[in-house]
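Engineer: Below is the file target.txt, which contains compact mmCIF, C-alpha atoms.
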# COMPACT_ATOMS: atom_id res chain seq x y z
CA MET F 1456 -36.63 83.43 63.38
CA LYS F 1457 -37.87 83.27 59.80
CA ILE F 1458 -36.68 80.95 57.08
CA GLN F 1459 -37.79 80.66 53.48
CA VAL F 1460 -39.07 77.23 52.39
CA LEU F 1461 -39.05 76.09 48.74
CA LEU F 1462 -41.09 73.15 47.45
CA PHE F 1463 -40.47 71.01 44.39
CA GLY F 1464 -42.01 68.13 42.46
CA ILE F 1465 -44.87 66.38 44.24
CA ALA F 1466 -44.50 68.65 47.31
CA THR F 1467 -45.63 71.61 45.18
CA ASP F 1468 -48.79 69.74 44.22
CA LEU F 1469 -49.50 68.53 47.77
CA LEU F 1470 -49.22 71.98 49.34
CA GLN F 1471 -50.51 73.92 46.33
CA THR F 1472 -47.63 76.36 46.55
CA SER F 1473 -43.96 76.52 45.61
CA SER F 1474 -42.72 78.53 48.60
CA PHE F 1475 -43.67 79.92 52.01
CA GLU F 1476 -42.11 81.60 55.03
CA PHE F 1477 -41.76 79.47 58.15
CA GLU F 1478 -41.02 80.41 61.75
CA VAL F 1479 -38.52 78.27 63.66
CA SER F 1480 -36.78 78.72 67.00
CA GLU F 1481 -33.07 79.50 67.50
CA GLY F 1482 -30.95 76.36 67.29
CA CYS F 1483 -33.53 74.53 65.18
CA THR F 1484 -31.97 71.52 63.43
CA ILE F 1485 -33.03 70.04 60.11
CA GLU F 1486 -34.59 67.15 62.04
CA ASP F 1487 -36.62 69.63 64.16
CA PHE F 1488 -37.63 71.49 61.01
CA LYS F 1489 -38.86 68.29 59.33
CA LYS F 1490 -41.02 67.45 62.36
CA ALA F 1491 -42.44 70.97 62.59
CA VAL F 1492 -43.19 71.33 58.90
CA THR F 1493 -44.79 67.88 58.69
CA ALA F 1494 -46.93 68.71 61.74
CA LYS F 1495 -48.15 71.90 60.07
CA TYR F 1496 -48.52 70.33 56.61
CA PRO F 1497 -49.46 66.65 57.16
CA GLN F 1498 -49.87 66.30 53.38
CA LEU F 1499 -46.08 65.87 53.32
CA LYS F 1500 -46.58 62.39 54.82
CA ASN F 1501 -47.81 61.32 51.38
CA ILE F 1502 -44.26 61.56 50.05
CA ASN F 1503 -42.09 58.48 50.25
CA SER F 1504 -39.34 60.47 51.98
CA TYR F 1505 -37.65 63.77 51.33
CA ALA F 1506 -34.23 65.33 51.65
CA VAL F 1507 -33.60 68.91 52.73
CA ALA F 1508 -31.22 71.38 51.13
CA VAL F 1509 -30.09 74.59 52.79
CA ASN F 1510 -28.94 77.40 50.52
CA GLU F 1511 -28.67 74.99 47.56
CA THR F 1512 -26.65 72.27 49.32
CA TYR F 1513 -27.92 69.00 50.82
CA ALA F 1514 -28.10 69.23 54.61
CA SER F 1515 -27.72 66.57 57.30
CA ASP F 1516 -30.37 66.10 60.03
CA GLU F 1517 -28.03 67.63 62.63
CA MET F 1518 -27.39 70.87 60.77
CA ILE F 1519 -28.61 74.01 62.56
CA LEU F 1520 -30.67 76.59 60.68
CA ASN F 1521 -29.95 80.30 60.61
CA GLN F 1522 -32.18 83.31 60.07
CA ASN F 1523 -33.13 83.81 56.39
CA ASP F 1524 -31.83 80.42 55.28
CA ILE F 1525 -33.41 79.12 52.11
CA VAL F 1526 -34.59 75.62 52.91
CA ALA F 1527 -35.71 73.35 50.08
CA ILE F 1528 -37.83 70.24 50.47
CA ILE F 1529 -36.41 67.75 47.97
CA PRO F 1530 -38.73 64.79 47.23
CA PRO F 1531 -37.09 61.68 45.68
CA VAL F 1532 -35.41 62.93 42.52
CA SER F 1533 -36.16 61.40 39.12
CA GLY F 1534 -34.04 63.18 36.54
CA GLY F 1535 -32.31 61.55 33.60
CA MET O 1243 -9.88 75.98 29.23
CA SER O 1244 -12.82 74.44 31.03
CA LYS O 1245 -13.01 70.66 31.20
CA THR O 1246 -16.71 70.62 32.06
CA SER O 1247 -19.85 71.78 30.25
CA ILE O 1248 -22.97 71.87 32.43
CA LYS O 1249 -26.35 73.02 31.17
CA ILE O 1250 -30.08 72.91 31.93
CA THR O 1251 -32.28 74.23 29.16
CA SER O 1252 -35.88 74.30 27.95
CA GLU O 1253 -34.56 74.19 24.39
CA LYS O 1254 -33.81 70.99 22.47
CA LEU O 1255 -30.57 69.37 23.69
CA ASP O 1256 -27.75 69.42 21.16
CA LEU O 1257 -25.80 66.15 20.86
CA GLN O 1258 -23.35 67.71 18.41
CA ALA O 1259 -22.52 70.49 20.88
CA CYS O 1260 -21.87 67.92 23.65
CA TYR O 1261 -19.67 65.93 21.26
CA ASP O 1262 -17.79 68.99 20.04
CA PHE O 1263 -17.14 70.21 23.59
CA VAL O 1264 -15.28 67.03 24.63
CA THR O 1265 -13.21 66.50 21.46
CA ASP O 1266 -9.51 66.77 22.17
CA ALA O 1267 -6.41 65.89 20.16
CA SER O 1268 -5.06 63.84 23.07
CA CYS O 1269 -8.12 61.57 23.18
CA GLY O 1270 -8.58 58.16 21.59
CA GLY O 1271 -12.29 57.90 22.26
CA ILE O 1272 -15.52 59.67 23.12
CA SER O 1273 -18.38 57.99 24.92
CA ALA O 1274 -21.92 59.34 24.91
CA PHE O 1275 -25.05 58.51 26.87
CA VAL O 1276 -28.32 59.85 25.47
CA GLY O 1277 -31.48 59.46 27.53
CA THR O 1278 -34.74 59.28 25.57
CA VAL O 1279 -38.38 59.52 26.62
CA ARG O 1280 -39.91 56.03 26.56
CA ASN O 1281 -43.53 55.42 25.58
CA ASP O 1282 -44.47 53.19 28.51
CA THR O 1283 -44.02 52.65 32.25
CA LYS O 1284 -44.84 49.20 33.67
CA GLY O 1285 -47.09 48.43 30.72
CA LYS O 1286 -48.92 51.75 30.84
CA GLU O 1287 -48.75 54.10 27.89
CA VAL O 1288 -46.95 57.37 28.58
CA THR O 1289 -47.97 60.34 26.46
CA GLN O 1290 -45.38 62.90 27.63
CA LEU O 1291 -42.97 63.73 30.46
CA ASP O 1292 -42.75 67.04 32.31
CA PHE O 1293 -39.35 67.82 33.89
CA SER O 1294 -39.06 70.40 36.65
CA THR O 1295 -35.81 71.42 38.35
CA TYR O 1296 -34.38 73.32 41.29
CA LYS O 1297 -32.17 74.92 38.72
CA PRO O 1298 -29.39 76.67 40.69
CA MET O 1299 -28.88 73.63 42.94
CA ALA O 1300 -29.23 71.15 40.06
CA LEU O 1301 -26.48 72.99 38.16
CA LYS O 1302 -24.23 72.84 41.24
CA GLU O 1303 -24.88 69.11 41.71
CA MET O 1304 -24.22 68.40 38.02
CA GLN O 1305 -20.96 70.35 38.27
CA LYS O 1306 -19.98 68.28 41.33
CA ILE O 1307 -20.59 65.07 39.35
CA ALA O 1308 -18.47 66.33 36.46
CA VAL O 1309 -15.60 67.33 38.76
CA LEU O 1310 -15.79 64.00 40.59
CA ALA O 1311 -15.77 62.09 37.27
CA LEU O 1312 -12.64 64.00 36.19
CA ARG O 1313 -10.99 63.03 39.46
CA LYS O 1314 -12.11 59.37 39.48
CA PHE O 1315 -11.52 58.46 35.83
CA ALA O 1316 -8.75 59.23 33.36
CA ILE O 1317 -10.98 61.42 31.19
CA GLU O 1318 -10.09 64.68 29.53
CA LYS O 1319 -13.45 66.47 29.34
CA ILE O 1320 -17.09 65.84 30.24
CA ALA O 1321 -20.40 67.45 29.27
CA ILE O 1322 -23.67 66.95 31.19
CA HIS O 1323 -26.74 68.60 29.69
CA HIS O 1324 -30.31 68.16 30.94
CA ALA O 1325 -33.63 69.37 29.57
CA GLU O 1326 -36.50 70.95 31.51
CA GLY O 1327 -40.16 71.43 30.61
CA MET O 1328 -42.53 69.22 28.65
CA LEU O 1329 -40.96 66.48 26.52
CA GLN O 1330 -42.62 64.19 24.01
CA ILE O 1331 -41.94 60.51 23.30
CA GLY O 1332 -38.49 60.14 21.71
CA ASP O 1333 -37.28 63.52 22.94
CA ILE O 1334 -33.94 63.73 24.77
CA PRO O 1335 -33.97 64.67 28.49
CA VAL O 1336 -30.25 64.10 29.11
CA ILE O 1337 -26.94 63.88 27.24
CA ILE O 1338 -23.59 62.99 28.78
CA THR O 1339 -20.36 62.86 26.77
CA ALA O 1340 -16.84 62.12 27.98
CA SER O 1341 -13.52 61.97 26.17
CA ALA O 1342 -10.47 59.99 27.22
CA LYS O 1343 -7.15 58.75 25.99
CA HIS O 1344 -8.48 55.18 26.33
CA ARG O 1345 -12.08 54.04 25.98
CA LYS O 1346 -12.67 52.39 29.37
CA ALA O 1347 -12.39 55.66 31.29
CA ALA O 1348 -14.86 57.32 28.91
CA PHE O 1349 -17.43 54.51 29.28
CA ASP O 1350 -16.99 54.40 33.06
CA ALA O 1351 -17.31 58.18 33.42
CA CYS O 1352 -20.58 58.25 31.44
CA GLN O 1353 -22.03 55.40 33.51
CA PHE O 1354 -20.96 57.02 36.77
CA ALA O 1355 -22.35 60.41 35.73
CA ILE O 1356 -25.82 59.18 34.72
CA ASP O 1357 -26.12 56.85 37.75
CA THR O 1358 -25.16 59.65 40.15
CA LEU O 1359 -27.33 62.24 38.38
CA LYS O 1360 -30.37 59.99 38.91
CA GLU O 1361 -29.60 59.83 42.64
CA THR O 1362 -28.55 63.34 43.57
CA VAL O 1363 -29.55 66.04 41.08
CA PRO O 1364 -32.77 67.86 42.09
CA ILE O 1365 -34.78 67.23 38.93
CA TRP O 1366 -38.22 65.65 38.92
CA LYS O 1367 -40.32 64.13 36.18
CA LYS O 1368 -44.05 63.84 36.03
CA GLU O 1369 -45.35 61.12 33.75
CA HIS O 1370 -48.46 61.99 31.81
CA PHE O 1371 -50.82 59.18 30.79
CA SER O 1372 -54.00 59.37 28.75
CA ASP O 1373 -55.93 59.14 32.05
CA GLY O 1374 -53.81 61.13 34.50
CA GLU O 1375 -50.35 61.99 35.73
CA VAL O 1376 -47.85 60.73 38.33
CA TRP O 1377 -44.65 62.11 39.89
CA VAL O 1378 -42.02 59.41 39.35
CA ASN O 1379 -40.53 57.82 42.55
CA ALA O 1380 -42.64 60.03 44.81
CA HIS O 1381 -44.87 57.40 46.41
CA PRO O 1382 -44.00 54.37 48.57
Could you write out this file's structure as structure tokens?

Structural biologist:
Amino acid sequence: MKIQVLLFGIATDLLQTSSFEFEVSEGCTIEDFKKAVTAKYPQLKNINSYAVAVNETYASDEMILNQNDIVAIIPPVSGG
Amino acid sequence: MSKTSIKITSEKLDLQACYDFVTDASCGGISAFVGTVRNDTKGKEVTQLDFSTYKPMALKEMQKIAVLALRKFAIEKIAIHHAEGMLQIGDIPVIITASAKHRKAAFDACQFAIDTLKETVPIWKKEHFSDGEVWVNAHP
């Protein structure tokens, strides 16, 4: 199934894009997604660590993705 | 009437508007935190800061902080405004104001709000130097 991935901050620079579509299997968890996306885009290893948000809310590693979810890669934030 | 004012804007932040929003006849004090762009990082001269946001989520997270602050502290109203885009030295990236019957709650709410904002709100700053640029906090 397809999900939409959004990139922010340093991740945008590393992948030279701010969004892409990504194919994951049914029952894919956030942890699975992180492994798959890092395997496809090893540049992401250059980030300290990153959180994941699904549909504009922070998601735990165990959360299961659904078709057409909007998944954001959130590098360490630095507002304020 | 709303007890929270949440905003992300590429225009200049307005301290007076944040102050005016929280004024209330029942309050004995207003506390304000104003963030300003500093001219150096670890001894290196910063020329400007570029703020980018995941705006819809950042607004939600800022609203959560405001609601939590109202629950945790005896405050009447709270405003959290953040800037986006390119800021120069001395410009204001963030303003937080809180009003309360007694001052301690207002101070505590401002501290809580800025500390939590720096941990949870999806906003990123890129520091520009005369010889390059760096995303803050991004590298080990």

Engineer: Return as a count of residues only the residues belonging to chain O that are within 9 Å of chain F, counting only C-alpha atoms.

Structural biologist: 35

Engineer: For CA of Met1456 (chain F) and CA of Ser1480 (chain F), quote the distance in Å rounded to one decimal.

Structural biologist: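 Atom-to-atom, CA of Met1456 (chain F) to CA of Ser1480 (chain F), that is 5.9 Å.
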
Engineer: Expressed in Å to a single decimal, how great is the separation between CA of Val1309 (chain O) and CA of Ser1268 (chain O)?

Structural biologist: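 Separation between CA of Val1309 (chain O) and CA of Ser1268 (chain O): 19.2 Å.
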
Engineer: So that I can check the surroundings of region 1339-1355 of chain O, please list as a list in words every protein, DNA and RNA residue that reaches within 6 Å of it, counting all atoms listed in the file and ignoring chain neighbours fewer than 4 positions away.

Structural biologist: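 Final neighbour list, sorted by chain and number: Val1264, Cys1269, Gly1270, Gly1271, Ile1272, Ser1273, Ala1274, Ala1311, Phe1315, Ala1316, Ile1317, Glu1318, Lys1319, Ile1320, Ala1321 and Leu1359 of chain O.
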
Engineer: Choose the residue, out of F:Ala1514, F:Ile1525, F:Val1507, F:Leu1499, that has the smallest atom-to-atom separation from Gln1471 (chain F); count all atoms listed in the file.

Structural biologist: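 When distances to Gln1471 (chain F) are compared using all atoms listed in the file, the smallest one comes from F:Leu1499.
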
Engineer: Kindly give the distance, in Å, that separates CA of Lys1286 (chain O) and CA of Asp1373 (chain O), rounded to a single decimal.

Structural biologist: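 Computed distance, CA of Lys1286 (chain O) to CA of Asp1373 (chain O), equals 10.3 Å.
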